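Next comes coords_12.txt, a file with compact mmCIF, C-alpha atoms (C1' of nucleotides).
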# COMPACT_ATOMS: atom_id res chain seq x y z
CA MET A 1 -50.57 15.03 25.76
CA ALA A 2 -51.15 15.90 29.38
CA ASP A 3 -53.01 13.12 31.06
CA GLY A 4 -52.97 12.78 34.77
CA VAL A 5 -53.41 15.52 37.33
CA ARG A 6 -49.70 15.68 37.89
CA ALA A 7 -48.61 16.13 34.28
CA ARG A 8 -51.26 18.76 33.73
CA GLN A 9 -50.22 20.75 36.78
CA ARG A 10 -46.60 20.46 35.74
CA GLU A 11 -47.29 21.92 32.34
CA ALA A 12 -49.41 24.69 33.83
CA THR A 13 -46.58 25.72 36.16
CA ARG A 14 -44.02 25.63 33.42
CA ARG A 15 -46.17 27.74 31.15
CA ALA A 16 -46.90 30.25 33.91
CA LEU A 17 -43.16 30.68 34.50
CA LEU A 18 -42.51 31.10 30.80
CA ARG A 19 -45.35 33.58 30.42
CA GLU A 20 -44.42 35.77 33.38
CA GLY A 21 -40.73 35.52 32.63
CA ARG A 22 -41.33 36.64 29.10
CA ARG A 23 -43.56 39.49 30.17
CA LEU A 24 -41.12 40.82 32.75
CA PHE A 25 -37.97 40.31 30.67
CA ALA A 26 -39.59 42.12 27.76
CA LEU A 27 -40.80 44.92 30.01
CA ARG A 28 -37.73 45.71 32.08
CA GLY A 29 -34.85 43.66 30.71
CA TYR A 30 -33.10 40.55 31.93
CA THR A 31 -30.85 41.96 34.64
CA ALA A 32 -33.46 44.27 36.13
CA VAL A 33 -35.85 41.39 36.73
CA GLY A 34 -35.28 39.22 39.78
CA LEU A 35 -36.28 35.61 40.04
CA ALA A 36 -38.42 36.45 43.06
CA GLU A 37 -40.54 38.69 40.87
CA VAL A 38 -41.01 36.04 38.24
CA VAL A 39 -42.03 33.30 40.64
CA ASP A 40 -44.35 35.64 42.53
CA ALA A 41 -46.08 36.65 39.32
CA ALA A 42 -46.39 33.01 38.33
CA GLY A 43 -47.80 32.14 41.74
CA VAL A 44 -45.07 29.65 42.62
CA THR A 45 -41.71 29.67 44.40
CA LYS A 46 -38.09 29.42 43.38
CA GLY A 47 -38.23 25.70 44.02
CA ALA A 48 -40.61 25.32 41.11
CA LEU A 49 -38.45 27.42 38.84
CA TYR A 50 -35.35 25.42 39.55
CA HIS A 51 -37.32 22.23 39.08
CA HIS A 52 -38.27 23.25 35.56
CA PHE A 53 -35.24 25.24 34.48
CA GLY A 54 -31.53 25.18 35.11
CA GLY A 55 -31.47 28.73 36.40
CA LYS A 56 -32.24 32.29 35.41
CA ALA A 57 -30.29 32.12 32.17
CA ASP A 58 -31.94 28.86 31.25
CA LEU A 59 -35.40 30.32 31.79
CA PHE A 60 -34.39 33.18 29.55
CA ARG A 61 -33.15 30.72 26.95
CA ALA A 62 -36.55 29.02 26.90
CA VAL A 63 -38.31 32.37 26.63
CA LEU A 64 -36.03 33.46 23.81
CA ALA A 65 -36.62 30.23 21.90
CA GLU A 66 -40.35 30.78 22.21
CA VAL A 67 -40.17 34.35 20.96
CA GLN A 68 -37.93 33.43 18.05
CA GLN A 69 -40.23 30.62 17.06
CA GLU A 70 -43.19 32.96 16.92
CA VAL A 71 -41.33 35.44 14.76
CA ALA A 72 -40.07 32.65 12.52
CA ASP A 73 -43.59 31.33 12.09
CA ARG A 74 -44.87 34.74 11.07
CA VAL A 75 -42.03 35.17 8.60
CA ALA A 76 -42.57 31.72 7.13
CA ALA A 77 -46.30 32.32 6.82
CA ALA A 78 -45.75 35.63 5.06
CA ALA A 79 -43.32 34.05 2.64
CA ASP A 80 -45.52 31.04 1.97
CA ALA A 81 -48.34 33.31 0.88
CA HIS A 82 -46.40 33.82 -2.34
CA GLU A 83 -45.13 31.59 -5.09
CA ASP A 84 -42.38 33.59 -6.70
CA SER A 85 -39.04 33.22 -4.92
CA TRP A 86 -38.20 36.88 -5.09
CA THR A 87 -41.56 37.96 -3.76
CA ARG A 88 -41.21 35.41 -0.99
CA LEU A 89 -37.90 36.93 0.07
CA VAL A 90 -39.23 40.47 0.10
CA ALA A 91 -42.42 39.51 1.92
CA GLY A 92 -40.48 37.54 4.51
CA CYS A 93 -38.10 40.42 5.15
CA GLN A 94 -40.89 42.91 5.57
CA GLU A 95 -42.79 40.65 7.91
CA PHE A 96 -39.64 40.14 9.97
CA LEU A 97 -39.24 43.87 10.20
CA THR A 98 -42.69 44.42 11.65
CA ALA A 99 -42.68 41.28 13.81
CA SER A 100 -39.44 42.15 15.53
CA THR A 101 -40.40 45.75 16.03
CA ALA A 102 -42.97 44.74 18.65
CA PRO A 103 -41.68 45.79 22.06
CA GLN A 104 -42.68 42.48 23.64
CA THR A 105 -40.23 40.58 21.50
CA GLN A 106 -37.58 43.13 20.73
CA ARG A 107 -35.61 43.47 23.91
CA ILE A 108 -35.51 39.73 24.47
CA MET A 109 -34.56 38.83 20.92
CA LEU A 110 -32.24 41.63 19.95
CA VAL A 111 -30.76 43.22 23.04
CA ASP A 112 -30.59 40.79 25.93
CA GLY A 113 -30.32 37.64 23.85
CA PRO A 114 -26.71 38.09 22.73
CA ALA A 115 -25.59 39.51 26.06
CA VAL A 116 -27.11 36.82 28.26
CA LEU A 117 -26.32 33.75 26.18
CA GLY A 118 -23.26 35.06 24.41
CA TRP A 119 -23.25 35.99 20.77
CA SER A 120 -22.42 32.56 19.40
CA GLU A 121 -25.21 30.75 21.20
CA TRP A 122 -27.63 33.52 20.37
CA ARG A 123 -26.63 33.28 16.76
CA ALA A 124 -27.14 29.51 16.77
CA LEU A 125 -30.69 29.96 18.06
CA ASP A 126 -31.33 32.77 15.61
CA GLU A 127 -30.03 30.65 12.79
CA ALA A 128 -32.22 27.71 13.77
CA ALA A 129 -35.30 29.94 13.89
CA SER A 130 -35.48 32.81 11.45
CA ALA A 131 -32.10 33.38 9.82
CA ARG A 132 -32.37 29.93 8.29
CA HIS A 133 -35.38 31.04 6.28
CA LEU A 134 -33.46 34.00 5.01
CA ALA A 135 -30.51 31.85 4.00
CA GLU A 136 -32.79 29.38 2.27
CA ALA A 137 -34.58 32.10 0.35
CA ILE A 138 -31.29 33.53 -0.84
CA ALA A 139 -29.95 30.12 -1.73
CA ALA A 140 -33.10 29.40 -3.74
CA LEU A 141 -32.69 32.61 -5.70
CA VAL A 142 -29.04 31.89 -6.43
CA GLU A 143 -30.05 28.41 -7.52
CA GLU A 144 -32.67 29.83 -9.87
CA GLY A 145 -30.11 32.20 -11.32
CA ARG A 146 -32.09 35.21 -10.20
CA MET A 147 -29.44 36.32 -7.77
CA ALA A 148 -25.75 36.68 -8.41
CA PRO A 149 -23.84 33.55 -7.42
CA GLN A 150 -22.04 34.26 -4.16
CA PRO A 151 -21.50 32.81 -0.68
CA VAL A 152 -24.85 32.88 1.09
CA ALA A 153 -23.64 33.31 4.66
CA PRO A 154 -22.05 36.77 4.43
CA LEU A 155 -25.06 38.25 2.68
CA THR A 156 -27.41 36.61 5.14
CA ARG A 157 -25.55 38.14 8.06
CA LEU A 158 -25.47 41.59 6.51
CA LEU A 159 -29.18 41.55 5.82
CA SER A 160 -30.06 40.00 9.15
CA GLY A 161 -28.06 42.62 11.00
CA ALA A 162 -29.54 45.41 8.92
CA MET A 163 -33.07 44.28 9.71
CA ASN A 164 -32.37 43.75 13.39
CA GLU A 165 -30.98 47.22 13.83
CA ALA A 166 -33.71 48.76 11.75
CA ALA A 167 -36.34 47.06 13.91
CA LEU A 168 -34.72 48.48 17.02
CA TRP A 169 -34.66 51.91 15.47
CA LEU A 170 -38.25 51.71 14.31
CA ALA A 171 -39.45 50.73 17.75
CA ALA A 172 -37.86 53.85 19.22
CA SER A 173 -39.00 56.04 16.36
CA THR A 174 -41.98 58.32 16.44
CA GLU A 175 -42.34 59.14 12.77
CA ALA A 176 -44.96 56.97 11.14
CA THR A 177 -43.24 57.25 7.78
CA ASP A 178 -40.02 55.71 9.04
CA LEU A 179 -41.28 52.18 8.46
CA GLU A 180 -41.97 52.96 4.84
CA HIS A 181 -38.55 54.53 4.37
CA VAL A 182 -36.82 51.53 5.88
CA ARG A 183 -38.82 49.19 3.67
CA THR A 184 -37.93 51.15 0.59
CA ALA A 185 -34.23 51.22 1.41
CA LEU A 186 -34.23 47.54 2.33
CA VAL A 187 -35.86 46.51 -0.93
CA ARG A 188 -33.35 48.62 -2.78
CA MET A 189 -30.57 46.76 -0.98
CA LEU A 190 -32.08 43.46 -2.01
CA GLU A 191 -32.43 44.62 -5.59
CA ALA A 192 -28.70 45.17 -5.69
CA PHE A 193 -28.22 41.43 -5.74
CA ARG A 194 -30.88 40.69 -8.31
CA VAL A 195 -29.89 39.57 -11.74
CA GLY A 196 -31.73 38.65 -14.87
CA MET B 197 -2.57 69.04 32.32
CA ALA B 198 -1.98 67.24 35.57
CA ASP B 199 -0.02 69.46 37.92
CA GLY B 200 0.20 68.63 41.57
CA VAL B 201 0.87 65.26 43.10
CA ARG B 202 -2.77 64.82 43.85
CA ALA B 203 -4.17 65.47 40.39
CA ARG B 204 -1.56 63.20 38.85
CA GLN B 205 -2.35 60.35 41.20
CA ARG B 206 -6.04 60.85 40.60
CA GLU B 207 -5.64 60.55 36.87
CA ALA B 208 -3.40 57.51 37.23
CA THR B 209 -6.00 55.73 39.33
CA ARG B 210 -8.80 56.61 36.96
CA ARG B 211 -6.85 55.38 33.98
CA ALA B 212 -5.89 52.15 35.74
CA LEU B 213 -9.55 51.45 36.45
CA LEU B 214 -10.51 52.20 32.88
CA ARG B 215 -7.72 50.06 31.51
CA GLU B 216 -8.40 47.01 33.67
CA GLY B 217 -12.13 47.40 33.36
CA ARG B 218 -11.86 47.46 29.62
CA ARG B 219 -9.54 44.47 29.53
CA LEU B 220 -11.75 42.35 31.74
CA PHE B 221 -15.06 43.41 30.19
CA ALA B 222 -13.71 42.64 26.75
CA LEU B 223 -12.31 39.33 27.87
CA ARG B 224 -15.17 37.84 29.83
CA GLY B 225 -18.16 40.14 29.43
CA TYR B 226 -19.80 42.66 31.71
CA THR B 227 -21.81 40.41 34.00
CA ALA B 228 -19.09 37.82 34.47
CA VAL B 229 -16.63 40.41 35.75
CA GLY B 230 -16.90 41.47 39.38
CA LEU B 231 -15.88 44.84 40.70
CA ALA B 232 -13.50 43.13 43.12
CA GLU B 233 -11.59 41.77 40.13
CA VAL B 234 -11.36 45.13 38.46
CA VAL B 235 -10.14 46.99 41.52
CA ASP B 236 -7.66 44.23 42.37
CA ALA B 237 -6.23 44.34 38.87
CA ALA B 238 -6.00 48.11 39.07
CA GLY B 239 -4.29 47.92 42.45
CA VAL B 240 -6.93 49.93 44.28
CA THR B 241 -10.13 49.25 46.24
CA LYS B 242 -13.81 49.72 45.68
CA GLY B 243 -13.63 53.04 47.45
CA ALA B 244 -11.51 54.40 44.62
CA LEU B 245 -13.86 53.06 41.99
CA TYR B 246 -16.90 54.66 43.57
CA HIS B 247 -14.97 57.87 43.97
CA HIS B 248 -14.34 58.05 40.23
CA PHE B 249 -17.44 56.40 38.82
CA GLY B 250 -21.08 56.17 39.75
CA GLY B 251 -21.01 52.39 39.84
CA LYS B 252 -20.33 49.36 37.70
CA ALA B 253 -22.56 50.48 34.86
CA ASP B 254 -20.98 53.92 34.89
CA LEU B 255 -17.50 52.45 34.65
CA PHE B 256 -18.72 50.44 31.70
CA ARG B 257 -20.16 53.56 30.12
CA ALA B 258 -16.78 55.26 30.34
CA VAL B 259 -15.06 52.22 28.88
CA LEU B 260 -17.57 52.03 26.05
CA ALA B 261 -17.12 55.69 25.22
CA GLU B 262 -13.36 55.16 25.04
CA VAL B 263 -13.69 52.16 22.74
CA GLN B 264 -16.17 53.90 20.47
CA GLN B 265 -13.93 56.93 20.24
CA GLU B 266 -11.01 54.79 19.11
CA VAL B 267 -13.06 53.09 16.44
CA ALA B 268 -14.48 56.41 15.29
CA ASP B 269 -10.98 57.86 15.03
CA ARG B 270 -9.83 54.96 12.87
CA VAL B 271 -12.87 55.30 10.63
CA ALA B 272 -12.41 59.04 10.28
CA ALA B 273 -8.73 58.62 9.50
CA ALA B 274 -9.45 56.04 6.83
CA ALA B 275 -12.06 58.26 5.25
CA ASP B 276 -9.89 61.37 5.39
CA ALA B 277 -7.20 59.58 3.40
CA HIS B 278 -9.40 60.09 0.36
CA GLU B 279 -10.88 63.05 -1.42
CA ASP B 280 -13.76 61.61 -3.36
CA SER B 281 -16.94 61.36 -1.28
CA TRP B 282 -17.83 57.94 -2.55
CA THR B 283 -14.39 56.53 -1.89
CA ARG B 284 -14.48 58.07 1.56
CA LEU B 285 -17.71 56.25 2.35
CA VAL B 286 -16.43 52.90 1.16
CA ALA B 287 -13.08 53.29 2.92
CA GLY B 288 -14.77 54.30 6.16
CA CYS B 289 -17.11 51.33 6.03
CA GLN B 290 -14.34 48.89 5.41
CA GLU B 291 -12.24 50.32 8.20
CA PHE B 292 -15.19 50.11 10.54
CA LEU B 293 -15.61 46.49 9.62
CA THR B 294 -12.06 45.57 10.54
CA ALA B 295 -11.84 47.86 13.57
CA SER B 296 -14.95 46.45 15.20
CA THR B 297 -13.98 42.89 14.44
CA ALA B 298 -11.19 43.07 17.01
CA PRO B 299 -12.17 40.97 20.03
CA GLN B 300 -10.99 43.65 22.47
CA THR B 301 -13.61 46.07 21.26
CA GLN B 302 -16.34 43.85 19.93
CA ARG B 303 -18.03 42.47 23.00
CA ILE B 304 -18.06 45.84 24.72
CA MET B 305 -19.31 47.80 21.73
CA LEU B 306 -21.72 45.41 20.13
CA VAL B 307 -22.94 42.89 22.67
CA ASP B 308 -22.84 44.27 26.19
CA GLY B 309 -23.27 47.92 25.23
CA PRO B 310 -26.95 47.80 24.32
CA ALA B 311 -27.81 45.37 27.11
CA VAL B 312 -26.08 47.25 29.92
CA LEU B 313 -27.02 50.79 29.00
CA GLY B 314 -30.22 50.05 27.16
CA TRP B 315 -30.54 50.36 23.41
CA SER B 316 -31.45 54.03 23.28
CA GLU B 317 -28.51 55.22 25.35
CA TRP B 318 -26.20 52.89 23.46
CA ARG B 319 -27.48 54.26 20.22
CA ALA B 320 -26.94 57.83 21.38
CA LEU B 321 -23.31 57.06 22.17
CA ASP B 322 -22.90 55.19 18.91
CA GLU B 323 -24.42 58.08 17.02
CA ALA B 324 -22.12 60.58 18.71
CA ALA B 325 -19.08 58.48 17.85
CA SER B 326 -19.11 56.53 14.61
CA ALA B 327 -22.62 56.44 13.19
CA ARG B 328 -22.43 60.19 12.80
CA HIS B 329 -19.61 59.82 10.31
CA LEU B 330 -21.68 57.39 8.31
CA ALA B 331 -24.68 59.71 8.29
CA GLU B 332 -22.51 62.64 7.23
CA ALA B 333 -20.92 60.69 4.42
CA ILE B 334 -24.31 59.65 3.11
CA ALA B 335 -25.68 63.15 3.45
CA ALA B 336 -22.70 64.51 1.52
CA LEU B 337 -23.32 62.09 -1.32
CA VAL B 338 -26.99 62.94 -1.48
CA GLU B 339 -26.03 66.61 -1.51
CA GLU B 340 -23.66 66.04 -4.38
CA GLY B 341 -26.34 64.22 -6.29
CA ARG B 342 -24.32 61.02 -6.35
CA MET B 343 -26.76 59.16 -4.18
CA ALA B 344 -30.51 58.96 -4.59
CA PRO B 345 -32.28 61.58 -2.51
CA GLN B 346 -33.80 59.87 0.51
CA PRO B 347 -34.03 60.15 4.27
CA VAL B 348 -30.56 59.57 5.66
CA ALA B 349 -31.47 58.03 9.02
CA PRO B 350 -33.11 54.79 7.81
CA LEU B 351 -30.29 53.99 5.45
CA THR B 352 -27.71 54.79 8.11
CA ARG B 353 -29.35 52.39 10.55
CA LEU B 354 -29.61 49.61 7.98
CA LEU B 355 -25.97 49.93 7.04
CA SER B 356 -24.78 50.34 10.60
CA GLY B 357 -26.67 47.25 11.68
CA ALA B 358 -25.40 45.28 8.72
CA MET B 359 -21.80 46.15 9.54
CA ASN B 360 -22.18 45.48 13.25
CA GLU B 361 -23.59 42.04 12.68
CA ALA B 362 -21.05 41.27 10.00
CA ALA B 363 -18.24 42.23 12.36
CA LEU B 364 -19.60 39.88 14.99
CA TRP B 365 -19.84 37.12 12.44
CA LEU B 366 -16.35 37.74 11.12
CA ALA B 367 -14.86 37.59 14.59
CA ALA B 368 -16.36 34.14 15.11
CA SER B 369 -15.49 32.98 11.63
CA THR B 370 -12.51 30.83 10.72
CA GLU B 371 -12.50 31.22 6.97
CA ALA B 372 -9.98 33.83 5.91
CA THR B 373 -11.98 34.58 2.78
CA ASP B 374 -15.06 35.62 4.73
CA LEU B 375 -13.83 39.17 5.19
CA GLU B 376 -13.43 39.56 1.46
CA HIS B 377 -16.90 38.17 0.81
CA VAL B 378 -18.47 40.53 3.31
CA ARG B 379 -16.64 43.47 1.82
CA THR B 380 -17.81 42.57 -1.65
CA ALA B 381 -21.42 42.20 -0.58
CA LEU B 382 -21.30 45.42 1.43
CA VAL B 383 -19.92 47.43 -1.46
CA ARG B 384 -22.61 45.98 -3.67
CA MET B 385 -25.21 47.15 -1.16
CA LEU B 386 -23.74 50.62 -1.21
CA GLU B 387 -23.70 50.65 -4.98
CA ALA B 388 -27.44 50.10 -4.95
CA PHE B 389 -27.87 53.66 -3.77
CA ARG B 390 -25.42 55.21 -6.18
CA VAL B 391 -26.68 57.35 -9.00
CA GLY B 392 -25.07 59.22 -11.80
C1' DT C 393 1.75 75.94 61.15
C1' DT C 394 -2.94 75.29 61.28
C1' DT C 395 -6.88 74.16 58.75
C1' DT C 396 -9.25 72.33 55.01
C1' DT C 397 -9.80 69.45 51.20
C1' DC C 398 -10.10 65.17 49.00
C1' DG C 399 -8.60 60.73 47.15
C1' DC C 400 -9.24 56.49 48.69
C1' DG C 401 -9.29 52.44 52.13
C1' DT C 402 -12.27 49.71 55.49
C1' DA C 403 -16.21 47.69 57.24
C1' DC C 404 -20.72 46.73 56.63
C1' DC C 405 -25.36 46.15 54.49
C1' DT C 406 -28.68 44.32 51.09
C1' DT C 407 -30.06 41.88 47.36
C1' DC C 408 -30.00 38.17 44.38
C1' DG C 409 -28.89 33.79 42.12
C1' DG C 410 -28.30 29.28 43.56
C1' DT C 411 -28.59 24.92 46.55
C1' DA C 412 -29.97 21.49 49.96
C1' DT C 413 -33.55 19.48 52.04
C1' DG C 414 -38.23 18.65 53.55
C1' DT C 415 -43.22 17.48 52.39
C1' DG C 416 -47.56 16.16 50.81
C1' DA C 417 -50.20 14.44 47.26
C1' DA C 418 -50.47 11.65 43.07
C1' DA C 419 -49.11 7.38 40.80
C1' DC C 420 -48.23 2.58 41.37
C1' DG C 421 -47.90 -2.23 42.81
C1' DA C 422 -49.82 -6.08 45.53
C1' DT D 423 -57.54 -1.17 49.65
C1' DC D 424 -53.32 -0.15 51.50
C1' DG D 425 -48.57 0.44 51.79
C1' DT D 426 -44.71 2.21 48.89
C1' DT D 427 -42.58 5.08 45.73
C1' DT D 428 -42.27 8.98 42.94
C1' DC D 429 -42.12 13.69 42.04
C1' DA D 430 -43.58 18.56 41.78
C1' DC D 431 -42.84 22.00 44.55
C1' DA D 432 -42.07 24.79 49.11
C1' DT D 433 -38.86 26.33 52.77
C1' DA D 434 -34.70 27.66 54.65
C1' DC D 435 -30.28 28.80 54.00
C1' DC D 436 -25.69 30.21 51.73
C1' DG D 437 -22.15 32.83 49.29
C1' DA D 438 -21.16 36.41 46.26
C1' DA D 439 -21.67 40.77 44.31
C1' DG D 440 -23.01 45.62 44.01
C1' DG D 441 -23.52 49.45 46.76
C1' DT D 442 -22.98 52.68 51.01
C1' DA D 443 -21.27 55.03 55.31
C1' DC D 444 -17.55 56.47 57.42
C1' DG D 445 -12.80 57.22 58.68
C1' DC D 446 -7.92 58.33 57.69
C1' DG D 447 -3.86 60.43 56.08
C1' DA D 448 -1.47 63.19 53.00
C1' DA D 449 -1.55 67.17 49.95
C1' DA D 450 -3.14 71.77 49.27
C1' DA D 451 -4.67 76.14 51.01
C1' DA D 452 -4.73 79.84 54.40
Taking this structure as input, can you express it in the form of structure tokens?
Amino acid sequence: MADGVRARQREATRRALLREGRRLFALRGYTAVGLAEVVDAAGVTKGALYHHFGGKADLFRAVLAEVQQEVADRVAAAADAHEDSWTRLVAGCQEFLTASTAPQTQRIMLVDGPAVLGWSEWRALDEAASARHLAEAIAALVEEGRMAPQPVAPLTRLLSGAMNEAALWLAASTEATDLEHVRTALVRMLEAFRVG
Amino acid sequence: MADGVRARQREATRRALLREGRRLFALRGYTAVGLAEVVDAAGVTKGALYHHFGGKADLFRAVLAEVQQEVADRVAAAADAHEDSWTRLVAGCQEFLTASTAPQTQRIMLVDGPAVLGWSEWRALDEAASARHLAEAIAALVEEGRMAPQPVAPLTRLLSGAMNEAALWLAASTEATDLEHVRTALVRMLEAFRVG
DNA sequence: TTTTTCGCGTACCTTCGGTATGTGAAACGA
DNA sequence: TCGTTTCACATACCGAAGGTACGCGAAAAA
């Protein structure tokens, strides 16, 4: 998929920018990181960056999409390890919790994402990546009659927000037991909507 | 509390900066608003701004504190209208939901806040203002034996995050029934922790 | 009335995102 | 093989925005 010296070099540059951008954005936040830093770390110049991306915000958008995809993949994998719809939901939620607690993904996904791109665009990306899985899992349970019939969107948002904030809190927490407490409370929340 | 021409003028300037800063930050977001705009709207110059505040971020901090205080006051008032601890919790949550759905407060409190000040400082301010009420309400219920004994902090974070995200979603939503659906789902979540 | 304080305006500096343009090597056609 | 075109990227430059140093004039203090 990368034949020719040119195409290969192009991809290498693009990936270097994405990698260093991601590393720096995660480490120090979007506004604190200058483009000069990113291109230096990637071993190129601003010309290369603007050749590959529309600007600083666009580079961030690409980084965010990458991070969200990784989290979504982990969540999907965790859910797919189970057959039962309810177990899939719980497993997916717990995996999301741990995946988005990692400091390399957290600031990009949960803090800078909405501020840089605006909440609505952030939400669209979030929906396309991980929140969609959550909505599908809930819809499946409602379909099966194992969850009370109700609009899926409001519940999805409540749970998504709860997990996002909990992940932020867990990352800043020092108590090792906090994760277990959050998991317990989260499962109890989910149980509230279980029927049958 | 403002005797002397000087002290009165000082307060007037400070309030003008806060007012215009808040208006513009809420309208177009922190990064999109320049200091020149704020000081022009307030009828002063940058010299005045830097005399009263440490910089752009510090002005934002003051604005955020003001917004959070207003929301906290509304929540506290809604809760205090009731005697029963459980009703107080539910009323406070619902008031928080509507108060933080208002576009004038939302972007500052929920989107730019964490990004500009960093999540931990944002969380400290949030805790001092409204999340504290939530934690106290939950603690009271646990004390009374009407809620399952459990660590208060994890549950507080889950609920706080759920409401924040729901408020963001509601503000962008067009369906009038969405608010009712969120309220229903939220109450059901709360009920999950009720005992007795 | 003299002196001091201080709230704030003015001018300037630096940094940073963004753009316009140049360049050299790879791809391509004859 | 050789001229031509393409294109990935570098260089140089620009405007705007946050921040700072300094001065002024009126109110407060002595």
Shell around Val75 (chain A) at 7 Å using all atoms listed in the file, local window under 6 positions removed, as a PyMOL selection string
chain A and resi 92+95-96
Write out the residues from the selection above, keeping C-alpha atoms, as a PDB file, in the coordinates of the input.
ATOM      1  CA  GLY A  92     -40.480  37.540   4.510  1.00  0.00           C
ATOM      2  CA  GLU A  95     -42.790  40.650   7.910  1.00  0.00           C
ATOM      3  CA  PHE A  96     -39.640  40.140   9.970  1.00  0.00           C
TER       4      PHE A  96
END
Exercise: region 25-37 of chain A partners within 9 Å, only C-alpha atoms (C1' of nucleotides), chain neighbours under 4 positions left out, as a list in words:
Glu20, Gly21, Ala41, Ala42, Thr45, Lys46, Leu49, Lys56, Ala57, Phe60, Val63, Pro103, Gln104, Thr105, Gln106, Arg107, Ile108, Val111, Asp112 and Val116 of chain A; Ala311, Val312 and Gly314 of chain B; DC408 and DG409 of chain C
Point (-45.5, 32.4, 8.6), cut-off 12 Å, counting all atoms listed in the file, residues as an MDAnalysis selection string:
chainID A and resid 69:82 88 91:96 99 129:130 133
Polymer residues at most 8 Å from region 337-341 of chain B, only C-alpha atoms (C1' of nucleotides), same-chain spacing of 3 or more positions, as a ChimeraX atom specification:
/B:281-282,333-334,344-346,391-392
Using all atoms listed in the file, find which residues of chain D lie within 9 Å of chain A and jot them down as a list in words.
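That gives DC429, DA430, DC431, DA432 and DT433 of chain D for chain D.
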For chain A, report every residue with an atom at most 6 Å from chain B (counting all atoms listed in the file), formatted as a PDB file with C-alpha atoms, in the coordinates of the input.
ATOM      1  CA  VAL A 111     -30.760  43.220  23.040  1.00  0.00           C
ATOM      2  CA  ASP A 112     -30.590  40.790  25.930  1.00  0.00           C
ATOM      3  CA  ALA A 115     -25.590  39.510  26.060  1.00  0.00           C
ATOM      4  CA  PRO A 154     -22.050  36.770   4.430  1.00  0.00           C
ATOM      5  CA  ARG A 157     -25.550  38.140   8.060  1.00  0.00           C
ATOM      6  CA  LEU A 158     -25.470  41.590   6.510  1.00  0.00           C
ATOM      7  CA  GLY A 161     -28.060  42.620  11.000  1.00  0.00           C
ATOM      8  CA  ALA A 162     -29.540  45.410   8.920  1.00  0.00           C
ATOM      9  CA  GLU A 165     -30.980  47.220  13.830  1.00  0.00           C
ATOM     10  CA  ALA A 166     -33.710  48.760  11.750  1.00  0.00           C
ATOM     11  CA  VAL A 182     -36.820  51.530   5.880  1.00  0.00           C
ATOM     12  CA  MET A 189     -30.570  46.760  -0.980  1.00  0.00           C
ATOM     13  CA  ALA A 192     -28.700  45.170  -5.690  1.00  0.00           C
TER      14      ALA A 192
END
Please, what distance in Å, to one decimal, runs between CA of Val39 (chain A) and CA of Gly4 (chain A)?
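Answer for the CA of Val39 (chain A) to CA of Gly4 (chain A) separation: 24.0 Å.
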Taking only C-alpha atoms into account, name the residue in A:Met109, A:Gly43, A:Asp3, A:Arg132 that is nearest to Leu64 (chain A).
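Nearest to Leu64 (chain A): A:Met109.
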Atomic distance CA of Arg22 (chain A) - CA of Gln68 (chain A), expressed in Å with one decimal:
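Taking CA of Arg22 (chain A) and CA of Gln68 (chain A), their separation equals 12.0 Å.
Between CA of Asp236 (chain B) and CA of Gly250 (chain B) the interatomic distance comes to 18.2 Å.
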Based on all atoms listed in the file, which of the residues in chain C come within 10 Å of chain A? I want them as an MDAnalysis selection string.
chainID C and resid 407:411 417:419
As a PDB file with C-alpha atoms (C1' of nucleotides), in the frame of the given file, please: the residues near DA412 (chain C) (cut-off 10 Å, only C-alpha atoms (C1' of nucleotides), same-chain neighbours under 3 positions excluded).
ATOM      1  C1'  DA D 434     -34.700  27.660  54.650  1.00  0.00           C
ATOM      2  C1'  DC D 435     -30.280  28.800  54.000  1.00  0.00           C
ATOM      3  C1'  DC D 436     -25.690  30.210  51.730  1.00  0.00           C
TER       4       DC D 436
END
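Each of C:DA403, C:DT396, C:DG414, C:DG421 was checked against DA449 (chain D) using only C-alpha atoms (C1' of nucleotides); the smallest atom-to-atom distance is that of C:DT396.
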List the neighbours of DT395 (chain C) out to 12 Å using all atoms listed in the file; skip same-chain residues closer than 6 positions along the sequence, and give me the result as a PyMOL selection string.
chain D and resi 450-452
Output for the residues just chosen: C-alpha atoms (C1' of nucleotides) as an mmCIF file, in the frame of the given file:
data_model
loop_
_atom_site.group_PDB
_atom_site.id
_atom_site.type_symbol
_atom_site.label_atom_id
_atom_site.label_comp_id
_atom_site.auth_asym_id
_atom_site.auth_seq_id
_atom_site.Cartn_x
_atom_site.Cartn_y
_atom_site.Cartn_z
ATOM 1 C "C1'" DA D 450 -3.140 71.770 49.270
ATOM 2 C "C1'" DA D 451 -4.670 76.140 51.010
ATOM 3 C "C1'" DA D 452 -4.730 79.840 54.400
#
Need the axis-aligned box for region 158-170 of chain A with 8 Å each side, so what are the centre and edges in Å to one decimal, as JSON?
{"center_x": -31.9, "center_y": 46.0, "center_z": 11.4, "size_x": 28.8, "size_y": 27.9, "size_z": 27.2}
